[in-house]
>>> print(open('model_10.cif').read())   # mmCIF, C-alpha atoms
data_structure
loop_
_atom_site.label_atom_id
_atom_site.label_comp_id
_atom_site.auth_asym_id
_atom_site.auth_seq_id
_atom_site.Cartn_x
_atom_site.Cartn_y
_atom_site.Cartn_z
CA MET A 80 -61.57 0.84 -19.34
CA GLU A 81 -58.18 -0.75 -18.68
CA GLY A 82 -58.73 -3.18 -21.57
CA ILE A 83 -59.65 -0.33 -23.94
CA VAL A 84 -56.61 1.73 -22.94
CA SER A 85 -54.32 -1.29 -23.32
CA ALA A 86 -55.70 -2.06 -26.79
CA ILE A 87 -55.20 1.54 -27.97
CA ASN A 88 -51.75 1.60 -26.35
CA ASP A 89 -50.70 -1.55 -28.22
CA VAL A 90 -51.54 0.16 -31.53
CA ILE A 91 -50.16 3.65 -30.85
CA TRP A 92 -46.97 2.59 -29.01
CA SER A 93 -46.24 -0.31 -31.35
CA SER A 94 -43.05 -0.86 -33.35
CA TRP A 95 -44.52 1.32 -36.11
CA LEU A 96 -44.19 4.36 -33.85
CA VAL A 97 -40.51 3.56 -33.40
CA TYR A 98 -40.00 3.19 -37.16
CA LEU A 99 -41.92 6.39 -38.01
CA CYS A 100 -40.18 8.57 -35.44
CA LEU A 101 -36.74 7.24 -36.26
CA GLY A 102 -37.48 7.49 -39.99
CA ALA A 103 -38.74 11.08 -39.75
CA GLY A 104 -35.76 12.09 -37.62
CA ILE A 105 -33.28 10.51 -40.04
CA TYR A 106 -35.04 12.07 -43.07
CA PHE A 107 -35.09 15.62 -41.68
CA SER A 108 -31.54 15.26 -40.34
CA PHE A 109 -30.20 14.46 -43.81
CA ARG A 110 -32.41 17.01 -45.58
CA THR A 111 -31.13 19.78 -43.28
CA LYS A 112 -27.56 18.43 -43.44
CA PHE A 113 -27.70 17.71 -39.70
CA SER A 114 -28.65 21.26 -38.80
CA GLN A 115 -29.21 20.13 -35.19
CA LEU A 116 -25.46 19.43 -34.97
CA ARG A 117 -24.03 22.21 -37.16
CA ASN A 118 -25.99 25.03 -35.53
CA ILE A 119 -25.74 24.30 -31.81
CA LYS A 120 -23.92 27.60 -31.17
CA GLU A 121 -26.58 29.49 -33.13
CA MET A 122 -29.32 27.73 -31.14
CA VAL A 123 -27.96 29.10 -27.85
CA ILE A 124 -27.55 32.61 -29.28
CA LEU A 125 -31.11 32.64 -30.65
CA LEU A 126 -32.59 31.67 -27.28
CA PHE A 127 -32.20 35.24 -26.08
CA LYS A 128 -32.38 37.24 -29.33
CA GLY A 129 -36.08 36.96 -30.20
CA GLU A 130 -38.25 39.88 -29.18
CA LYS A 131 -41.84 40.09 -27.98
CA SER A 132 -44.52 42.01 -29.85
CA ALA A 133 -48.19 42.85 -29.45
CA GLN A 134 -49.01 39.75 -31.50
CA GLY A 135 -46.32 37.30 -30.38
CA ILE A 136 -44.14 36.11 -27.55
CA SER A 137 -40.33 35.92 -27.49
CA SER A 138 -38.30 32.91 -28.61
CA PHE A 139 -37.27 32.23 -25.02
CA GLN A 140 -40.89 32.36 -23.84
CA ALA A 141 -41.89 29.96 -26.62
CA LEU A 142 -39.04 27.65 -25.59
CA CYS A 143 -40.12 27.71 -21.94
CA THR A 144 -43.77 27.15 -22.89
CA ALA A 145 -42.81 24.07 -24.91
CA LEU A 146 -40.47 22.84 -22.15
CA ALA A 147 -43.24 23.31 -19.58
CA GLY A 148 -45.07 20.48 -21.34
CA ARG A 149 -42.00 18.39 -22.07
CA ILE A 150 -40.35 18.47 -18.63
CA GLY A 151 -42.41 16.41 -16.23
CA THR A 152 -43.58 12.84 -15.78
CA GLY A 153 -41.74 11.62 -18.87
CA ASN A 154 -38.42 12.81 -17.46
CA ILE A 155 -38.89 10.97 -14.17
CA ALA A 156 -41.37 8.09 -14.40
CA GLY A 157 -40.65 7.67 -18.13
CA VAL A 158 -36.91 7.28 -17.62
CA ALA A 159 -37.44 4.97 -14.64
CA THR A 160 -39.78 2.79 -16.73
CA ALA A 161 -37.32 2.67 -19.64
CA ILE A 162 -34.45 1.55 -17.39
CA ALA A 163 -36.64 -0.93 -15.48
CA MET A 164 -37.97 -2.56 -18.66
CA GLY A 165 -35.02 -2.13 -21.03
CA GLY A 166 -32.00 -1.91 -18.74
CA PRO A 167 -29.43 0.92 -18.41
CA GLY A 168 -28.81 0.91 -22.17
CA ALA A 169 -32.27 2.42 -22.74
CA LEU A 170 -30.75 5.74 -21.64
CA PHE A 171 -28.36 5.67 -24.62
CA TRP A 172 -31.25 5.12 -27.04
CA MET A 173 -33.08 8.04 -25.42
CA TRP A 174 -30.02 10.17 -26.29
CA ALA A 175 -30.05 8.81 -29.85
CA ILE A 176 -33.72 9.63 -30.41
CA ALA A 177 -33.10 13.11 -28.95
CA PHE A 178 -30.43 13.78 -31.59
CA LEU A 179 -32.69 12.60 -34.41
CA GLY A 180 -35.76 14.14 -32.79
CA ALA A 181 -34.09 17.54 -32.82
CA GLY A 182 -34.27 17.33 -36.63
CA SER A 183 -38.02 16.63 -36.47
CA ALA A 184 -38.52 19.41 -33.91
CA PHE A 185 -36.72 21.87 -36.20
CA ALA A 186 -38.94 20.98 -39.16
CA GLU A 187 -42.28 21.06 -37.36
CA SER A 188 -41.56 24.31 -35.50
CA ALA A 189 -40.28 26.08 -38.63
CA LEU A 190 -43.47 24.95 -40.42
CA GLY A 191 -45.53 26.35 -37.54
CA GLN A 192 -43.90 29.74 -38.11
CA ILE A 193 -44.37 29.63 -41.90
CA TYR A 194 -48.10 28.92 -41.75
CA LYS A 195 -49.10 30.84 -38.60
CA GLU A 196 -51.97 33.34 -38.68
CA GLU A 197 -52.86 36.43 -36.70
CA HIS A 198 -56.14 35.91 -34.86
CA GLU A 199 -57.69 38.51 -32.53
CA GLY A 200 -54.39 40.33 -32.25
CA GLN A 201 -52.25 37.26 -31.46
CA TYR A 202 -50.43 34.62 -33.50
CA ARG A 203 -51.98 31.18 -33.85
CA GLY A 204 -50.58 28.14 -35.58
CA GLY A 205 -49.43 24.55 -35.34
CA PRO A 206 -49.84 21.26 -37.22
CA ALA A 207 -53.56 21.75 -37.88
CA TYR A 208 -52.71 24.96 -39.76
CA TYR A 209 -49.74 23.69 -41.76
CA ILE A 210 -51.40 20.37 -42.56
CA GLU A 211 -54.32 22.22 -44.15
CA LYS A 212 -52.28 24.89 -45.96
CA GLY A 213 -49.10 22.96 -46.67
CA LEU A 214 -51.00 20.12 -48.35
CA GLY A 215 -52.76 22.53 -50.68
CA ASN A 216 -56.09 23.37 -49.00
CA THR A 217 -57.65 20.22 -50.43
CA THR A 218 -60.64 18.43 -48.93
CA PHE A 219 -58.27 15.78 -47.60
CA SER A 220 -55.94 18.35 -45.98
CA LYS A 221 -58.84 20.22 -44.36
CA TRP A 222 -60.30 17.08 -42.78
CA TYR A 223 -56.85 15.83 -41.80
CA GLY A 224 -56.18 19.18 -40.09
CA ILE A 225 -59.55 19.03 -38.30
CA LEU A 226 -58.82 15.46 -37.15
CA PHE A 227 -55.44 16.53 -35.78
CA ALA A 228 -57.05 19.47 -33.95
CA ILE A 229 -59.62 17.17 -32.31
CA VAL A 230 -56.96 14.64 -31.26
CA THR A 231 -54.80 17.47 -29.90
CA LEU A 232 -57.69 18.82 -27.83
CA LEU A 233 -58.32 15.38 -26.31
CA ALA A 234 -54.62 14.67 -25.72
CA THR A 235 -53.39 18.02 -24.38
CA GLY A 236 -56.68 19.09 -22.81
CA LEU A 237 -57.59 15.86 -21.04
CA LEU A 238 -55.19 12.92 -21.21
CA LEU A 239 -51.71 14.47 -20.77
CA PRO A 240 -52.74 16.83 -17.93
CA GLY A 241 -54.35 13.85 -16.21
CA VAL A 242 -51.05 11.94 -16.20
CA GLN A 243 -49.06 14.96 -15.00
CA SER A 244 -51.51 16.09 -12.29
CA ASN A 245 -51.88 12.54 -11.00
CA SER A 246 -48.10 12.26 -10.67
CA ILE A 247 -47.90 15.59 -8.81
CA ALA A 248 -50.74 14.70 -6.43
CA SER A 249 -49.33 11.22 -5.77
CA ALA A 250 -45.81 12.59 -5.15
CA VAL A 251 -47.02 15.28 -2.72
CA ASN A 252 -49.22 12.77 -0.91
CA ASN A 253 -46.34 10.29 -0.69
CA ALA A 254 -43.86 12.88 0.57
CA PHE A 255 -46.01 15.07 2.86
CA GLY A 256 -49.24 13.12 3.41
CA ILE A 257 -51.42 15.86 1.86
CA ASP A 258 -54.70 14.55 0.48
CA VAL A 259 -54.70 14.23 -3.32
CA LYS A 260 -58.03 16.13 -3.53
CA ILE A 261 -56.49 19.17 -1.87
CA VAL A 262 -53.52 19.07 -4.27
CA ALA A 263 -55.93 18.69 -7.21
CA GLY A 264 -57.92 21.74 -6.08
CA ILE A 265 -54.77 23.86 -5.80
CA LEU A 266 -53.59 22.74 -9.24
CA VAL A 267 -56.95 23.60 -10.84
CA LEU A 268 -56.96 27.06 -9.24
CA VAL A 269 -53.37 27.98 -10.13
CA LEU A 270 -53.49 26.59 -13.67
CA GLY A 271 -56.87 28.23 -14.28
CA LEU A 272 -55.45 31.65 -13.38
CA ILE A 273 -52.57 31.09 -15.82
CA ILE A 274 -54.39 29.42 -18.73
CA PHE A 275 -57.34 31.83 -18.91
CA GLY A 276 -54.87 34.67 -19.32
CA GLY A 277 -54.09 33.38 -22.82
CA ILE A 278 -50.74 32.62 -24.46
CA LYS A 279 -49.15 35.80 -23.10
CA ARG A 280 -49.76 34.85 -19.46
CA ILE A 281 -48.89 31.19 -20.10
CA ALA A 282 -45.58 32.28 -21.65
CA SER A 283 -44.82 34.70 -18.80
CA ALA A 284 -45.49 32.00 -16.19
CA ALA A 285 -43.42 29.42 -18.09
CA GLU A 286 -40.57 31.91 -18.51
CA LEU A 287 -40.41 32.26 -14.72
CA ILE A 288 -41.12 28.69 -13.57
CA VAL A 289 -39.39 26.44 -16.12
CA PRO A 290 -35.78 27.71 -15.71
CA ILE A 291 -36.06 27.46 -11.90
CA MET A 292 -37.72 24.02 -12.04
CA GLY A 293 -35.22 22.57 -14.51
CA SER A 294 -32.17 24.13 -12.88
CA LEU A 295 -33.04 22.88 -9.38
CA TYR A 296 -33.63 19.34 -10.66
CA ILE A 297 -30.36 19.25 -12.60
CA LEU A 298 -28.52 20.80 -9.62
CA MET A 299 -29.85 18.01 -7.39
CA ALA A 300 -28.56 15.45 -9.90
CA ILE A 301 -25.15 17.15 -10.07
CA VAL A 302 -24.82 16.98 -6.27
CA ILE A 303 -25.61 13.25 -6.32
CA ILE A 304 -23.13 12.69 -9.17
CA ILE A 305 -20.39 14.61 -7.32
CA VAL A 306 -21.00 12.59 -4.15
CA ASN A 307 -20.68 9.40 -6.23
CA ILE A 308 -18.10 10.70 -8.72
CA GLY A 309 -16.04 7.52 -8.55
CA GLU A 310 -18.92 5.54 -10.05
CA VAL A 311 -19.27 7.71 -13.20
CA PRO A 312 -16.89 5.68 -15.44
CA GLU A 313 -18.57 2.43 -14.40
CA ILE A 314 -22.05 3.87 -15.01
CA LEU A 315 -21.11 5.16 -18.48
CA SER A 316 -19.58 1.80 -19.35
CA LEU A 317 -22.74 0.04 -18.16
CA ILE A 318 -24.96 2.30 -20.30
CA PHE A 319 -22.98 1.81 -23.52
CA LYS A 320 -22.38 -1.92 -23.04
CA SER A 321 -26.02 -2.71 -22.33
CA ALA A 322 -27.14 -0.40 -25.17
CA PHE A 323 -25.51 -2.78 -27.67
CA GLY A 324 -26.06 -6.06 -25.81
CA ALA A 325 -22.42 -6.34 -24.67
CA GLU A 326 -23.34 -6.47 -20.98
CA ALA A 327 -24.12 -10.07 -20.05
CA ALA A 328 -26.91 -9.18 -17.63
CA PHE A 329 -28.81 -7.28 -20.34
CA GLY A 330 -27.66 -9.07 -23.51
CA GLY A 331 -30.91 -10.96 -23.96
CA ILE A 332 -33.12 -7.87 -24.00
CA LEU A 333 -31.37 -5.75 -26.66
CA GLY A 334 -34.57 -5.33 -28.69
CA SER A 335 -36.47 -4.28 -25.59
CA THR A 336 -33.66 -1.89 -24.66
CA ILE A 337 -33.87 -0.07 -28.00
CA ALA A 338 -37.69 -0.07 -28.09
CA TRP A 339 -38.10 1.27 -24.55
CA GLY A 340 -35.38 3.86 -25.02
CA VAL A 341 -36.96 5.18 -28.23
CA LYS A 342 -40.54 5.10 -26.88
CA ARG A 343 -39.71 6.84 -23.62
CA GLY A 344 -37.50 9.31 -25.47
CA VAL A 345 -40.34 10.25 -27.82
CA TYR A 346 -42.78 10.45 -24.90
CA SER A 347 -40.44 12.73 -22.99
CA ASN A 348 -39.19 15.20 -25.62
CA GLU A 349 -42.38 15.05 -27.78
CA ALA A 350 -40.35 15.66 -30.97
CA GLY A 351 -42.56 15.05 -33.98
CA GLN A 352 -45.76 14.80 -31.95
CA GLY A 353 -46.97 18.28 -32.93
CA THR A 354 -47.10 19.85 -29.47
CA GLY A 355 -43.96 22.00 -29.79
CA PRO A 356 -45.18 23.93 -32.88
CA GLN A 357 -48.19 25.23 -30.93
CA ALA A 358 -45.90 27.39 -28.79
CA SER A 359 -43.43 28.03 -31.61
CA SER A 360 -46.13 29.51 -33.83
CA ALA A 361 -46.85 32.18 -31.23
CA ALA A 362 -43.26 33.46 -31.24
CA GLU A 363 -42.13 36.71 -32.86
CA VAL A 364 -39.06 35.95 -35.00
CA SER A 365 -37.60 37.37 -38.21
CA HIS A 366 -37.25 33.97 -39.91
CA PRO A 367 -39.03 30.61 -39.37
CA ALA A 368 -35.73 28.68 -39.18
CA LYS A 369 -34.71 30.66 -36.09
CA GLN A 370 -37.61 29.33 -34.05
CA GLY A 371 -36.98 25.88 -35.51
CA LEU A 372 -33.44 25.95 -34.12
CA VAL A 373 -34.65 27.13 -30.71
CA GLN A 374 -37.14 24.27 -30.48
CA ALA A 375 -34.52 21.77 -31.66
CA PHE A 376 -32.41 22.88 -28.70
CA SER A 377 -35.37 22.30 -26.36
CA VAL A 378 -35.18 18.59 -27.23
CA TYR A 379 -31.55 18.56 -26.08
CA ILE A 380 -32.48 20.30 -22.83
CA ASP A 381 -35.28 17.84 -22.14
CA THR A 382 -33.45 14.59 -22.94
CA LEU A 383 -29.70 15.20 -22.74
CA LEU A 384 -29.94 17.22 -19.52
CA VAL A 385 -33.13 16.43 -17.57
CA CYS A 386 -33.62 12.78 -18.61
CA SER A 387 -29.90 12.11 -18.16
CA ALA A 388 -30.10 13.63 -14.68
CA THR A 389 -32.83 11.14 -13.76
CA GLY A 390 -31.01 8.23 -15.38
CA PHE A 391 -27.73 8.90 -13.59
CA MET A 392 -29.46 9.27 -10.22
CA ILE A 393 -31.27 5.95 -10.70
CA LEU A 394 -28.14 4.10 -11.85
CA MET A 395 -25.87 5.57 -9.17
CA THR A 396 -28.19 4.61 -6.36
CA GLY A 397 -28.50 1.10 -7.79
CA SER A 398 -32.29 1.32 -7.37
CA TYR A 399 -32.86 -0.03 -10.90
CA ASN A 400 -31.88 -3.44 -9.53
#
>>> encode(input="model_10.cif", output="structure tokens")
Amino acid sequence: MEGIVSAINDVIWSSWLVYLCLGAGIYFSFRTKFSQLRNIKEMVILLFKGEKSAQGISSFQALCTALAGRIGTGNIAGVATAIAMGGPGALFWMWAIAFLGAGSAFAESALGQIYKEEHEGQYRGGPAYYIEKGLGNTTFSKWYGILFAIVTLLATGLLLPGVQSNSIASAVNNAFGIDVKIVAGILVLVLGLIIFGGIKRIASAAELIVPIMGSLYILMAIVIIIVNIGEVPEILSLIFKSAFGAEAAFGGILGSTIAWGVKRGVYSNEAGQGTGPQASSAAEVSHPAKQGLVQAFSVYIDTLLVCSATGFMILMTGSYN
């Protein structure tokens, strides 16, 4: 099994992934005239302006639902792995991919809104829908959409939850000595109660949990930064120097620094992977671009805030050494 996973991993997380994600981010950034930079103020305003309806959830609920999947193992173990394998400069390249990824997130979430459908009284949508319809309802587009739906079911229904739940169980066991089977049972029970309530209950739970979860984590990081405030200039210098190979200790791994920063950044914020549009399509908004801007901002929250919090804590404690 380990050999199979490694072989698949070598293909999926190869240099081509880096090129495709960077290329897509650059393309959409230029096509939208860097909307992710020009409309930051509008992004924040739109977070709280969308309204719920019988068919859809609010923009803020859609944001929290998407962030519920984005904030997790990638923000902690992912950042730690990037710094361990690529040096402190990997954090800079995570920021860079977040900026470009916001362009991809805008495009895919706006598309999710354009091609969403009402099904059994609620909105449904996502890449499988806009692949089929946006490519002209051809035989190719239908089968491509079906393939994406199958891959999404396997990834988000089996593989991704396995990584997250394993991290939670291991962390609780490590900190409090509670058996991983007990933690697993509690997770199954709680998540079952939420998930079987449909998108409305998932959104309501995410709207309550995600802001508290994210805020507490960032607050913890701020406390650590304040306690070590004198080290901030040195840490920033270390990040930027090693990002471009100017730091002697990390000069020989510049390629690895960029690759790990981009890969972990993509893994963390999920921009361009097609998971964000699932929640975005369920939102009730007056124009598709509005939800696109909200989801673009979610990439900033995930990487520029939460991943940076992890990175600074690791670098300030010197544990990356």
>>> resolve_selection(input="model_10.cif", expression="the PyMOL selection byres ((chain A and resi 223-236) around 10)", output="list in words")
Gly148, Gly205, Pro206, Ala207, Tyr208, Tyr209, Ile210, Glu211, Lys212, Leu214, Asn216, Thr217, Thr218, Phe219, Ser220, Lys221, Trp222, Leu237, Leu238, Leu239, Pro240, Gly241, Gln352, Gly353 and Thr354 of chain A
>>> residues_around(input="model_10.cif", residues="A:Ile393", least_positions_apart="4", cutoff="10 Å", atoms="all atoms listed in the file", output="ChimeraX atom specification")
/A:155,158-159,162-163,167,300,387-389,397-400
>>> residues_around(input="model_10.cif", residues="A:Gly165", least_positions_apart="5", cutoff="6 Å", atoms="all atoms listed in the file", output="list in words")
Ser335, Thr336 and Trp339 of chain A
>>> residues_around(input="model_10.cif", residues="stretch 178-188 of chain A", least_positions_apart="4", cutoff="7 Å", atoms="only C-alpha atoms", output="list in words")
Leu101, Ala103, Gly104, Ile105, Phe107, Ser108, Gln115, Trp174, Gln192, Ala350, Gly351, Gly355, Pro356, Ser359, Gln370, Gly371, Leu372, Gln374, Ala375, Phe376 and Val378 of chain A
>>> residues_around(input="model_10.cif", residues="A:Lys260", least_positions_apart="5", cutoff="12 Å", atoms="all atoms listed in the file", output="ChimeraX atom specification")
/A:244-245,247-249,251-252,265-267
>>> residues_around(input="model_10.cif", residues="A:Gly390", least_positions_apart="5", cutoff="12 Å", atoms="only C-alpha atoms", output="PDB file with C-alpha atoms, in the coordinates of the input")
ATOM      1  CA  GLY A 153     -41.740  11.620 -18.870  1.00  0.00           C
ATOM      2  CA  ASN A 154     -38.420  12.810 -17.460  1.00  0.00           C
ATOM      3  CA  ILE A 155     -38.890  10.970 -14.170  1.00  0.00           C
ATOM      4  CA  ALA A 156     -41.370   8.090 -14.400  1.00  0.00           C
ATOM      5  CA  GLY A 157     -40.650   7.670 -18.130  1.00  0.00           C
ATOM      6  CA  VAL A 158     -36.910   7.280 -17.620  1.00  0.00           C
ATOM      7  CA  ALA A 159     -37.440   4.970 -14.640  1.00  0.00           C
ATOM      8  CA  THR A 160     -39.780   2.790 -16.730  1.00  0.00           C
ATOM      9  CA  ALA A 161     -37.320   2.670 -19.640  1.00  0.00           C
ATOM     10  CA  ILE A 162     -34.450   1.550 -17.390  1.00  0.00           C
ATOM     11  CA  ALA A 163     -36.640  -0.930 -15.480  1.00  0.00           C
ATOM     12  CA  GLY A 166     -32.000  -1.910 -18.740  1.00  0.00           C
ATOM     13  CA  PRO A 167     -29.430   0.920 -18.410  1.00  0.00           C
ATOM     14  CA  GLY A 168     -28.810   0.910 -22.170  1.00  0.00           C
ATOM     15  CA  ALA A 169     -32.270   2.420 -22.740  1.00  0.00           C
ATOM     16  CA  LEU A 170     -30.750   5.740 -21.640  1.00  0.00           C
ATOM     17  CA  PHE A 171     -28.360   5.670 -24.620  1.00  0.00           C
ATOM     18  CA  MET A 173     -33.080   8.040 -25.420  1.00  0.00           C
ATOM     19  CA  TRP A 174     -30.020  10.170 -26.290  1.00  0.00           C
ATOM     20  CA  ILE A 297     -30.360  19.250 -12.600  1.00  0.00           C
ATOM     21  CA  ALA A 300     -28.560  15.450  -9.900  1.00  0.00           C
ATOM     22  CA  ILE A 301     -25.150  17.150 -10.070  1.00  0.00           C
ATOM     23  CA  ILE A 303     -25.610  13.250  -6.320  1.00  0.00           C
ATOM     24  CA  ILE A 304     -23.130  12.690  -9.170  1.00  0.00           C
ATOM     25  CA  VAL A 311     -19.270   7.710 -13.200  1.00  0.00           C
ATOM     26  CA  ILE A 314     -22.050   3.870 -15.010  1.00  0.00           C
ATOM     27  CA  LEU A 315     -21.110   5.160 -18.480  1.00  0.00           C
ATOM     28  CA  LEU A 317     -22.740   0.040 -18.160  1.00  0.00           C
ATOM     29  CA  ILE A 318     -24.960   2.300 -20.300  1.00  0.00           C
ATOM     30  CA  GLY A 340     -35.380   3.860 -25.020  1.00  0.00           C
ATOM     31  CA  THR A 382     -33.450  14.590 -22.940  1.00  0.00           C
ATOM     32  CA  LEU A 383     -29.700  15.200 -22.740  1.00  0.00           C
ATOM     33  CA  LEU A 384     -29.940  17.220 -19.520  1.00  0.00           C
ATOM     34  CA  VAL A 385     -33.130  16.430 -17.570  1.00  0.00           C
ATOM     35  CA  MET A 395     -25.870   5.570  -9.170  1.00  0.00           C
ATOM     36  CA  THR A 396     -28.190   4.610  -6.360  1.00  0.00           C
ATOM     37  CA  GLY A 397     -28.500   1.100  -7.790  1.00  0.00           C
ATOM     38  CA  SER A 398     -32.290   1.320  -7.370  1.00  0.00           C
ATOM     39  CA  TYR A 399     -32.860  -0.030 -10.900  1.00  0.00           C
TER      40      TYR A 399
END
>>> atom_distance(input="model_10.cif", atom1="atom CA of A:Ser138", atom2="atom CA of A:Tyr106")
25.6 Å
